[in-house]
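Report on the structure given below.
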Amino acid sequence: MSNLIISLPLTAASPNSLYAFTEGAGASAVREASAALLPRTGRNADVLAVLPASAVSWHAVDLPAGKALSGPALRAVLVGLLEERVLDDVAQLHFALQPGWQPGQKTWVAVCDKTWLQGHLQALESVDLHVNRLVPSMWPPAAEAAAQLRATGTPQSAWLWVSDAQGVWGLPMPAGLASLHPQLLATAQLSAEPAVAEWAEHLLQIKPRLLQPAQGLVMAAQSDWDLAQMDLAATGSARWLKAWGRVQHTLWQSAAWRPTRWGLAVLLVSQVLGLNAWAWKLQADLRQRQTGMAQIIKQTFPEIQVVIDAPLQMDREVQRLRQAAGQPASDGLEPLLAALGQALPAGSAPIQIDYQAGELRLKNWRLSEAQAAQLQSQLQAQRVQARRDGAEWVITARSAP
């Protein structure tokens with residue numbers, strides 16, 4: 001699955017707007033195109049929109065504790081907390097909270113122009129590109145993480161972006177560098193785009209890590225951030241499906257999960273081979289038993305030349321020999337009557353008897369509970385079972401265990 005990562009331009013959306021984009025987690029180049037000429041993605045691919053650092057302001061707020069916040073109530077709380085801290089009309093702003101935020105805790109809030117953001121989302125929607133996630137290009141570091149510096153642009157129009165405990169903020173280079181605290185420069189990690197890497201190293205006296213523009217977009221896409229919240233959020237089921245799609249993509253495409261994928265593949269293949277080997281063994285055992293039964297029948301009854309159903313054919317031959325010898329069958333009428341005669345309760349005898357298909361039916365025979373229990377117990381000892389069937393008693397030979 002190849003994701004499409006789009007960087008939103010700072011200008012308002014228009015038919016002539018150019019969008020920088022890259023494709024896939026291993027992308028190495030950034031290209032530009034209008035919305036209509038952007039690549040179309042597969043059904044399972046994600047479309048991610050990256051908000052430039054200069055389009056987002058960051059504010060740390062203390063969310064109230066003891067209440068469930070969501071939807072309009074959450075926005076109302078954020079408006080109350082940020083109304084005095086932002087320059088624009090709060091009705092024109094979009095708010096989004098950091099991943100995993102909790103009521104009663106200090107939380108980072110990303111703020112951007114809602115009209116600008118909705119305009120670009122609608123422009124992409126109009127060409128059938130549905131954005132799955134909105135991610136910032138930079139975000140505040142975790143509590144114990146080192147500050148991050150990122151130099152972008154060209155020597156003629158370079159900016160240094162800072163991500164530290166104060167949020168994310170930018171300075172023009174080299175004019176704004178004088179305001180940087182020496183402690184920040186001593187502990188921060190610097191990354192720089194190739195066009196300004198050597199110049200940034202000279203100005204800051206820090207060895208930078210080269211960061212291609214495409215790598216910056218991919219890093220943003222791989223973060224846990226999603227600014228599509230509140231009125232820009234999708235439905236719960238759609239967001240669940242998108243989250244599951246991201247997990248699925250990570251499991252099947254990420255290099256970090258390659259050993260796990262190989263392990264699962266080896267396990268699956270070994271299980272299939274093992275099941276096939278076990279099935280072959282069971283079939284071989286079955287064929288061996290069938291062959292043995294066929295030999296026993298042919299040896300016992302030489303007149304049988306072709307064995308089709310060994311148990312059935314043997315039972316028929318035994319029945320034929322029993323009839324020829326004048327012996328009753330174990331489930332015939334005589335054995336059932338003999339067993340019943342020994343188990344009849346005192347002073348009680350059946351009035352009407354019917355025998356058919358191995359069942360002896362005693363009609364209109366009334367027994368007390370004690371007599372019924374005695375009858376069943378004594379018949380059971382003779383491997384015969386008795387059961388009620390409406391106003392009748394049914395006596396049958398119990399099959400061998």
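Every chain in the structure tokens has a letter given in the order shown (A, B, ...), and although residue numbers restart at 1 in each chain, ligands are simply numbered from 1 in the order shown.
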
For this session: Using backbone DSSP assignments, extract all strand (DSSP E or B) residues from stretch 97-174 of chain A; output them as a PyMOL selection string.
Result: chain A and resi 97+106-113+133-136+148-152+159-164+167-172

Which residues of stretch 146-261 of chain A come within 7 Å of stretch 96-103 of chain A, and for each one, what is the closest pair of atoms and their distance in Å to one decimal, counting only C-alpha atoms, sorted by chain and residue number, as JSON lines?
{"residue": "A:Asp224", "atom": "CA", "partner": "A:Pro99", "partner_atom": "CA", "distance": 6.5}
{"residue": "A:Trp225", "atom": "CA", "partner": "A:Pro99", "partner_atom": "CA", "distance": 5.9}
{"residue": "A:Leu227", "atom": "CA", "partner": "A:Ala96", "partner_atom": "CA", "distance": 5.2}
{"residue": "A:Gln229", "atom": "CA", "partner": "A:Ala96", "partner_atom": "CA", "distance": 5.8}

Saved selection, atoms kept: C-alpha atoms, as an mmCIF file, in the first residue's frame:
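Contents of selection07.cif, as written:
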data_model
loop_
_atom_site.group_PDB
_atom_site.id
_atom_site.type_symbol
_atom_site.label_atom_id
_atom_site.label_comp_id
_atom_site.auth_asym_id
_atom_site.auth_seq_id
_atom_site.Cartn_x
_atom_site.Cartn_y
_atom_site.Cartn_z
ATOM 1 C CA ASP A 224 0.743 9.663 16.021
ATOM 2 C CA TRP A 225 -0.727 13.094 15.402
ATOM 3 C CA LEU A 227 -5.464 17.115 13.600
ATOM 4 C CA GLN A 229 -10.729 16.480 15.228
#

Exercise. Using only C-alpha atoms, which residues sit within 8 Å of A:Ala165 once same-chain residues fewer than 4 positions away are excluded, as a list of chain:residue names?
Worked result: A:Pro140, A:Pro141, A:Ala143, A:Ala147

For this session: Quick one: everything within 10 Å of stretch 53-67 of chain A, counting only C-alpha atoms, minus sequence neighbours fewer than 5 positions away in the same chain. Send it as a ChimeraX atom specification.
Result: /A:8-11,74,77-78,81-82,85-86,94-97,101-113,116-117,136-140,161-162,165-170

For this session: Give the answer as one residue: which of A:Leu48, A:Leu360, A:Ala20, A:Val135 has the shortest atom-to-atom distance to A:Glu334, using only C-alpha atoms?
Result: A:Leu360

For this session: Using backbone DSSP assignments, extract all alpha helix (DSSP H) residues from stretch 1-87 of chain A; output them as a list in words.
Result: Gly71, Pro72, Ala73, Leu74, Arg75, Ala76, Val77, Leu78, Val79, Gly80, Leu81 and Leu82 of chain A

For this session: Considering only C-alpha atoms, return as a PyMOL selection string whatever protein or nucleic-acid residues lie within 7 Å of A:Tyr19, sequence-local ones (same chain, fewer than 4 positions apart) excluded.
Result: chain A and resi 6-9+32-35

For this session: Name all residues at most 12 Å from A:Ala346 (count only C-alpha atoms; drop same-chain ones fewer than 2 positions away) and give them as a PyMOL selection string.
Result: chain A and resi 341-344+348-350+367-368+370-372+374-375

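Between atom CA of A:Trp365 and atom CA of A:Gln352 lies a distance of 8.1 Å.
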
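Minimum atom-to-atom distances from A:Gly176, A:Arg387, A:Pro155, A:Met219 to A:His202 were compared using only C-alpha atoms, and the lowest value belongs to A:Pro155.
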
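In terms of minimum interatomic distance to A:Lys363, A:Val394 ranks closest within A:Val394, A:Ala91, A:Leu203, A:Ala310, counting only C-alpha atoms.
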
Problem set entry | Shortest interatomic distance to A:Leu38 - which of A:Ala123, A:Leu149, A:Val50, A:Ala228, counting only C-alpha atoms | A:Ala123

Between stretch 13-126 of chain A and stretch 209-217 of chain A, at 12 Å or less, what are the per-residue closest atom pairs and their distances in Å? Count only C-alpha atoms, order by chain and rising residue number, and return it as JSON lines.
{"residue": "A:Ala20", "atom": "CA", "partner": "A:Ala214", "partner_atom": "CA", "distance": 9.4}
{"residue": "A:Phe21", "atom": "CA", "partner": "A:Ala214", "partner_atom": "CA", "distance": 8.0}
{"residue": "A:Thr22", "atom": "CA", "partner": "A:Ala214", "partner_atom": "CA", "distance": 6.3}
{"residue": "A:Glu23", "atom": "CA", "partner": "A:Ala214", "partner_atom": "CA", "distance": 8.8}
{"residue": "A:Gly24", "atom": "CA", "partner": "A:Ala214", "partner_atom": "CA", "distance": 9.8}
{"residue": "A:Ala25", "atom": "CA", "partner": "A:Gln215", "partner_atom": "CA", "distance": 8.6}
{"residue": "A:Gly26", "atom": "CA", "partner": "A:Gln215", "partner_atom": "CA", "distance": 8.3}
{"residue": "A:Ala27", "atom": "CA", "partner": "A:Ala214", "partner_atom": "CA", "distance": 6.3}
{"residue": "A:Ser28", "atom": "CA", "partner": "A:Ala214", "partner_atom": "CA", "distance": 5.5}
{"residue": "A:Ala29", "atom": "CA", "partner": "A:Ala214", "partner_atom": "CA", "distance": 5.5}
{"residue": "A:Val30", "atom": "CA", "partner": "A:Ala214", "partner_atom": "CA", "distance": 5.4}
{"residue": "A:Arg31", "atom": "CA", "partner": "A:Ala214", "partner_atom": "CA", "distance": 9.1}
{"residue": "A:Glu32", "atom": "CA", "partner": "A:Ala214", "partner_atom": "CA", "distance": 11.8}
{"residue": "A:Leu48", "atom": "CA", "partner": "A:Leu217", "partner_atom": "CA", "distance": 9.5}
{"residue": "A:Ala49", "atom": "CA", "partner": "A:Leu217", "partner_atom": "CA", "distance": 9.3}
{"residue": "A:Val50", "atom": "CA", "partner": "A:Leu217", "partner_atom": "CA", "distance": 7.0}
{"residue": "A:Leu51", "atom": "CA", "partner": "A:Leu217", "partner_atom": "CA", "distance": 9.8}
{"residue": "A:Pro52", "atom": "CA", "partner": "A:Leu217", "partner_atom": "CA", "distance": 9.9}
{"residue": "A:Ala53", "atom": "CA", "partner": "A:Gly216", "partner_atom": "CA", "distance": 11.4}

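Minimum distance to A:Leu4 across A:Val306, A:Ala200, A:Leu93, A:Val218 (counting only C-alpha atoms) occurs at A:Val218.
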
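Across the model, the gap from atom CA of A:Leu134 to atom CA of A:Asp231 is 13.1 Å.
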